[in-house]
Amino acid sequence: MSSGTELPEAVENNDGGFDEVILALATPECRQDPYRLYARMRREDPVYRSSQGIWYLTRYADVEAALRDLRLSNDGERMTRALAARQGAPQRFSRLTRRLGRVMTTTDPPDHARLRRLVSKAFTARRVQGLRPRLQAIVDGLLDAAVAAGSTMDLIAALASPLPGTVICELFGIPRGDTERVRAWFHQLRAPNTVQGVERIELMVEQFEGYLTDLIRRRRARPADDILSALVTVAERDDQLTDEELLSTCLMLVTAGDQATTDLIGNGTLALLRHPDQLRRLQRDPTLIRSAVDELVRYDSPSQIIIRVVAEAVEIGGRTLAEGELVHLVLAATNRDPERFPDPDQLDLGRPDNRHLSFGNGPHFCLGAPLARLAGEVAIGTLIRRLPGLRLSTETVQWKPNPMLRGPACLPVAY
């Protein structure tokens, strides 16, 4: 698939605006199954430069190395400049974008190492595992309400969507009386990339920052047993997070955790329902749930593509990527690379050595991965235990439109 190779008809002869690969992935055919296109790219041109000058890496070995290579930058300011320079790039450079440009996920060393070290001291494995009982109670409550309403439900609206926002409120120690208001702010982050959508996001960020500023002040005066208090008080060698860094980190946790966890539960449940042999396998042996969640994430990753910008020219697969160029790391393609995973298109809940790249790799490996895995274990494990006759009640799944991410917009099920 070198430049000029035909892509799906829907994107042929495009006007040179958005990149043709992204346009291809946005077609209805690819929204249902992007993996055929990924396989073709990986097979025919695994280090592909599109007509818009964007590089796409689709082989596991290349992407794994790229995620560790500091010449491929994740710096927010550098990324914003590169995106703004592209013809037809979405101009969604809002207050949220500026705020997220100052967190560990959008900084390079040495700033990244400092921020990650401080946040990691608060976001410990013990604290995450301590959430399991509360997670179980939230999932049970959501399923109780759904079952009481009838014998069908939209799994996304009933469980997958409300769960992560509620969990984030628990992490921050949001008072129960404020939970619905705060979750409504989180929901605004899913606004479409339109003028009105960006305005809604701007308003949400302004209101949430005001709320968090007051909550941070209260936690400084009286710490509680929550991650916000831990972030406020964490320090190392007289270094601690500033108020600006605290606000940015909280917004990062919201934006990174809310949609990704929703899609993990939606994609994972859908994959099980489409593979009844694996569903029965997990029902017979619930101890498989931990490896099952990793396999479900590998099989259909919520994060399909992440972006880097070339800070210093680098050679990959015999091609030279020049400074300032954008690089799309196609995580979902790497997770089905036959050079890394035997029978990659098969769902195998007991798959050994399942080192997928859905949570990244290297210095930017997702700090929230343990929490996402835990939420998936509790939600999916409880769902198949309590509703053993769960089945899809639609033939065609409606997917969210963003080709960089992947998750059902709704998932009608019966039981």
# chains A, B, ... in the order shown; residues from 1 in each chain; ligands from 1
>>> closest_atom_pairs(of="stretch 112-166 of chain A", to="stretch 368-384 of chain A", cutoff="8 Å", atoms="only C-alpha atoms", output="CSV")
residue,atom,partner,partner_atom,distance
A:Ala125,CA,A:Pro370,CA,7.4
A:Val128,CA,A:Leu371,CA,6.0
A:Gln129,CA,A:Leu374,CA,7.7
A:Arg132,CA,A:Leu374,CA,7.4
A:Leu135,CA,A:Val378,CA,7.1
A:Gln136,CA,A:Val378,CA,6.2
A:Val139,CA,A:Ala379,CA,6.1
A:Asp140,CA,A:Thr382,CA,7.7
A:Leu143,CA,A:Leu383,CA,7.9
A:Pro164,CA,A:Ala375,CA,7.9
>>> residues_around(residues="A:Arg49", least_positions_apart="2", cutoff="12 Å", atoms="only C-alpha atoms", output="VMD selection string")
chain A and resid 1 to 5 19 to 21 41 45 to 47 51 to 58 316 319 to 322 325 to 328
>>> closest_residue(among="A:Gln32, A:Gln398, A:Ser358, A:Ser303", to="A:Gln259", atoms="only C-alpha atoms")
A:Ser303
>>> residues_around(residues="stretch 212-219 of chain A", least_positions_apart="2", cutoff="12 Å", atoms="only C-alpha atoms", output="ChimeraX atom specification")
/A:169,172-175,178,182,204-210,221-233,241-251
>>> closest_atom_pairs(of="stretch 104-175 of chain A", to="stretch 390-395 of chain A", cutoff="10 Å", atoms="only C-alpha atoms", output="Markdown table")
| residue | atom | partner | partner_atom | distance |
| --- | --- | --- | --- | --- |
| A:Ser151 | CA | A:Leu390 | CA | 9.8 |
| A:Thr152 | CA | A:Ser393 | CA | 8.3 |
| A:Met153 | CA | A:Ser393 | CA | 9.3 |
| A:Asp154 | CA | A:Ser393 | CA | 9.6 |
| A:Leu155 | CA | A:Leu392 | CA | 10.0 |
>>> closest_residue(among="A:Val119, A:Ile265, A:Leu331, A:Leu83", to="A:Pro162", atoms="only C-alpha atoms")
A:Ile265
>>> closest_residue(among="A:Ile201, A:Cys30, A:Ala146, A:Ile307", to="A:Arg386", atoms="only C-alpha atoms")
A:Ala146
>>> select_by_dssp(residues="stretch 125-364 of chain A", states="helix (DSSP H, G or I)", output="JSON, numbers by chain")
{"A": [125, 126, 127, 128, 129, 132, 133, 134, 135, 136, 137, 138, 139, 140, 141, 142, 143, 144, 145, 146, 147, 148, 149, 155, 156, 157, 158, 159, 160, 162, 163, 164, 165, 166, 167, 168, 169, 170, 171, 172, 176, 177, 178, 179, 180, 181, 182, 183, 184, 185, 186, 187, 188, 195, 196, 197, 198, 199, 200, 201, 202, 203, 204, 205, 206, 207, 208, 209, 210, 211, 212, 213, 214, 215, 216, 217, 218, 219, 220, 221, 227, 228, 229, 230, 231, 232, 233, 243, 244, 245, 246, 247, 248, 249, 250, 251, 252, 253, 254, 255, 256, 257, 258, 259, 260, 261, 262, 263, 264, 265, 266, 267, 268, 269, 270, 271, 272, 273, 274, 276, 277, 278, 279, 280, 281, 282, 283, 284, 286, 287, 288, 289, 290, 291, 292, 293, 294, 295, 296, 297, 298, 299, 331, 332, 333, 334, 362, 363, 364]}
>>> write_last_selection(atoms="C-alpha atoms", output="tab-separated table (two decimals), in the first residue's frame")
chain	number	residue	atom	x	y	z
A	125	ALA	CA	-1.56	-0.43	43.18
A	126	ARG	CA	-2.83	-0.73	46.75
A	127	ARG	CA	-5.09	2.27	46.30
A	128	VAL	CA	-6.46	0.91	43.01
A	129	GLN	CA	-7.13	-2.56	44.42
A	132	ARG	CA	-12.63	-3.28	44.21
A	133	PRO	CA	-15.41	-3.51	46.84
A	134	ARG	CA	-16.80	-0.13	45.86
A	135	LEU	CA	-16.51	-0.99	42.16
A	136	GLN	CA	-18.45	-4.19	42.80
A	137	ALA	CA	-21.17	-2.28	44.65
A	138	ILE	CA	-21.48	0.27	41.82
A	139	VAL	CA	-21.71	-2.45	39.15
A	140	ASP	CA	-24.29	-4.39	41.17
A	141	GLY	CA	-26.36	-1.24	41.65
A	142	LEU	CA	-26.31	-0.38	37.95
A	143	LEU	CA	-27.30	-3.94	36.99
A	144	ASP	CA	-30.03	-4.03	39.65
A	145	ALA	CA	-31.58	-0.91	38.09
A	146	ALA	CA	-31.28	-2.30	34.55
A	147	VAL	CA	-32.81	-5.68	35.42
A	148	ALA	CA	-35.64	-4.02	37.34
A	149	ALA	CA	-36.50	-2.01	34.21
A	155	LEU	CA	-25.39	-2.01	27.88
A	156	ILE	CA	-23.52	1.22	27.18
A	157	ALA	CA	-26.12	3.52	28.71
A	158	ALA	CA	-26.96	1.16	31.57
A	159	LEU	CA	-23.47	0.07	32.67
A	160	ALA	CA	-20.42	0.91	30.56
A	162	PRO	CA	-22.01	5.55	33.96
A	163	LEU	CA	-19.45	3.27	35.64
A	164	PRO	CA	-16.13	5.09	34.95
A	165	GLY	CA	-17.48	8.53	35.84
A	166	THR	CA	-18.78	7.19	39.14
A	167	VAL	CA	-15.43	5.51	39.85
A	168	ILE	CA	-13.51	8.72	39.09
A	169	CYS	CA	-15.76	10.55	41.55
A	170	GLU	CA	-14.84	7.92	44.13
A	171	LEU	CA	-11.13	8.39	43.37
A	172	PHE	CA	-11.38	12.14	43.86
A	176	ARG	CA	-22.14	11.81	46.98
A	177	GLY	CA	-24.47	14.78	46.64
A	178	ASP	CA	-22.24	16.27	43.89
A	179	THR	CA	-21.70	13.06	41.90
A	180	GLU	CA	-24.46	13.59	39.33
A	181	ARG	CA	-23.37	17.17	38.65
A	182	VAL	CA	-19.73	16.15	38.21
A	183	ARG	CA	-20.62	13.17	36.00
A	184	ALA	CA	-22.65	15.54	33.81
A	185	TRP	CA	-19.50	17.61	33.31
A	186	PHE	CA	-17.57	14.49	32.35
A	187	HIS	CA	-20.26	13.68	29.78
A	188	GLN	CA	-19.63	17.02	28.06
A	195	VAL	CA	-18.26	25.00	17.26
A	196	GLN	CA	-21.09	24.19	19.65
A	197	GLY	CA	-19.30	21.07	20.90
A	198	VAL	CA	-16.08	22.95	21.66
A	199	GLU	CA	-18.11	25.63	23.46
A	200	ARG	CA	-19.69	22.94	25.65
A	201	ILE	CA	-16.25	21.53	26.47
A	202	GLU	CA	-14.91	24.99	27.29
A	203	LEU	CA	-17.80	25.58	29.70
A	204	MET	CA	-17.33	22.15	31.29
A	205	VAL	CA	-13.61	22.70	31.86
A	206	GLU	CA	-14.23	26.14	33.36
A	207	GLN	CA	-16.90	24.83	35.76
A	208	PHE	CA	-14.98	21.69	36.70
A	209	GLU	CA	-11.76	23.64	37.33
A	210	GLY	CA	-13.66	26.00	39.63
A	211	TYR	CA	-15.12	23.04	41.51
A	212	LEU	CA	-11.73	21.29	41.75
A	213	THR	CA	-9.96	24.45	42.93
A	214	ASP	CA	-12.33	24.64	45.89
A	215	LEU	CA	-12.02	20.89	46.56
A	216	ILE	CA	-8.20	21.12	46.48
A	217	ARG	CA	-8.34	23.97	49.00
A	218	ARG	CA	-10.47	21.81	51.32
A	219	ARG	CA	-8.14	18.81	50.93
A	220	ARG	CA	-5.12	20.95	51.83
A	221	ALA	CA	-6.88	21.96	55.03
A	227	ILE	CA	-6.40	10.14	45.47
A	228	LEU	CA	-6.94	13.91	45.34
A	229	SER	CA	-5.67	14.20	48.92
A	230	ALA	CA	-2.73	11.98	47.99
A	231	LEU	CA	-1.92	14.17	44.99
A	232	VAL	CA	-2.16	17.30	47.14
A	233	THR	CA	0.16	15.96	49.81
A	243	ASP	CA	-2.04	23.83	41.82
A	244	GLU	CA	-1.87	24.16	38.02
A	245	GLU	CA	-0.35	20.68	37.75
A	246	LEU	CA	-3.01	19.30	40.10
A	247	LEU	CA	-5.81	20.68	37.94
A	248	SER	CA	-4.18	19.37	34.77
A	249	THR	CA	-3.59	15.93	36.29
A	250	CYS	CA	-7.21	15.63	37.43
A	251	LEU	CA	-8.47	16.57	33.97
A	252	MET	CA	-6.05	14.06	32.44
A	253	LEU	CA	-7.43	11.29	34.68
A	254	VAL	CA	-10.97	12.20	33.62
A	255	THR	CA	-10.31	12.42	29.88
A	256	ALA	CA	-8.08	9.34	29.75
A	257	GLY	CA	-10.20	7.15	31.99
A	258	ASP	CA	-13.81	7.93	31.20
A	259	GLN	CA	-14.17	7.03	27.52
A	260	ALA	CA	-11.49	4.33	27.45
A	261	THR	CA	-13.11	2.33	30.27
A	262	THR	CA	-16.54	2.66	28.68
A	263	ASP	CA	-15.17	1.31	25.39
A	264	LEU	CA	-13.22	-1.48	27.08
A	265	ILE	CA	-16.43	-2.80	28.64
A	266	GLY	CA	-18.45	-2.31	25.45
A	267	ASN	CA	-15.88	-3.86	23.10
A	268	GLY	CA	-15.13	-6.70	25.49
A	269	THR	CA	-18.74	-7.67	26.05
A	270	LEU	CA	-19.49	-7.51	22.34
A	271	ALA	CA	-16.51	-9.77	21.54
A	272	LEU	CA	-17.71	-12.35	24.07
A	273	LEU	CA	-21.26	-12.29	22.71
A	274	ARG	CA	-19.90	-12.83	19.20
A	276	PRO	CA	-20.09	-17.88	22.49
A	277	ASP	CA	-17.48	-20.61	22.91
A	278	GLN	CA	-15.19	-18.16	24.72
A	279	LEU	CA	-18.12	-16.76	26.69
A	280	ARG	CA	-19.00	-20.25	27.93
A	281	ARG	CA	-15.33	-20.88	28.69
A	282	LEU	CA	-15.22	-17.83	30.97
A	283	GLN	CA	-18.54	-18.71	32.61
A	284	ARG	CA	-17.22	-22.20	33.39
A	286	PRO	CA	-14.30	-17.33	36.24
A	287	THR	CA	-10.64	-17.39	37.31
A	288	LEU	CA	-9.81	-16.62	33.66
A	289	ILE	CA	-11.20	-13.10	34.00
A	290	ARG	CA	-7.81	-11.41	34.41
A	291	SER	CA	-6.26	-12.92	31.27
A	292	ALA	CA	-9.64	-12.57	29.54
A	293	VAL	CA	-9.67	-8.78	29.97
A	294	ASP	CA	-6.18	-8.45	28.47
A	295	GLU	CA	-7.19	-10.64	25.52
A	296	LEU	CA	-10.39	-8.65	24.97
A	297	VAL	CA	-8.35	-5.42	24.98
A	298	ARG	CA	-5.86	-6.92	22.52
A	299	TYR	CA	-8.60	-8.22	20.26
A	331	LEU	CA	-1.89	0.11	18.21
A	332	ALA	CA	-4.86	-1.93	17.02
A	333	ALA	CA	-2.87	-3.17	14.01
A	334	THR	CA	0.08	-4.23	16.15
A	362	GLY	CA	7.90	2.61	27.49
A	363	PRO	CA	7.88	5.86	29.51
A	364	HIS	CA	4.30	6.71	28.56
>>> atom_distance(atom1="atom CA of A:Val63", atom2="atom CA of A:His356")
11.0 Å
>>> select_by_dssp(residues="stretch 251-404 of chain A", states="strand (DSSP E)", output="VMD selection string")
chain A and resid 305 to 310 314 to 316 319 to 321 326 to 330 391 to 392
>>> atom_distance(atom1="atom CA of A:Ala313", atom2="atom CA of A:Asp75")
15.9 Å
>>> residues_around(residues="A:Ser73", least_positions_apart="3", cutoff="7 Å", atoms="only C-alpha atoms", output="PyMOL selection string")
chain A and resi 70+108+308-311
>>> write_last_selection(atoms="N, CA and C atoms", output="mmCIF file, in the first residue's frame")
data_model
loop_
_atom_site.group_PDB
_atom_site.id
_atom_site.type_symbol
_atom_site.label_atom_id
_atom_site.label_comp_id
_atom_site.auth_asym_id
_atom_site.auth_seq_id
_atom_site.Cartn_x
_atom_site.Cartn_y
_atom_site.Cartn_z
ATOM 1 N N LEU A 70 12.694 8.398 22.166
ATOM 2 C CA LEU A 70 12.453 9.792 22.554
ATOM 3 C C LEU A 70 12.542 10.749 21.371
ATOM 4 N N ASP A 108 7.650 15.485 27.526
ATOM 5 C CA ASP A 108 8.812 14.630 27.310
ATOM 6 C C ASP A 108 9.746 14.743 28.510
ATOM 7 N N ARG A 308 2.351 10.695 17.551
ATOM 8 C CA ARG A 308 3.627 11.277 17.958
ATOM 9 C C ARG A 308 4.072 12.253 16.879
ATOM 10 N N VAL A 309 5.002 13.131 17.229
ATOM 11 C CA VAL A 309 5.583 14.041 16.252
ATOM 12 C C VAL A 309 7.098 13.842 16.280
ATOM 13 N N VAL A 310 7.722 13.866 15.106
ATOM 14 C CA VAL A 310 9.154 13.604 15.016
ATOM 15 C C VAL A 310 9.928 14.818 15.521
ATOM 16 N N ALA A 311 10.643 14.628 16.639
ATOM 17 C CA ALA A 311 11.461 15.708 17.200
ATOM 18 C C ALA A 311 12.855 15.725 16.586
#
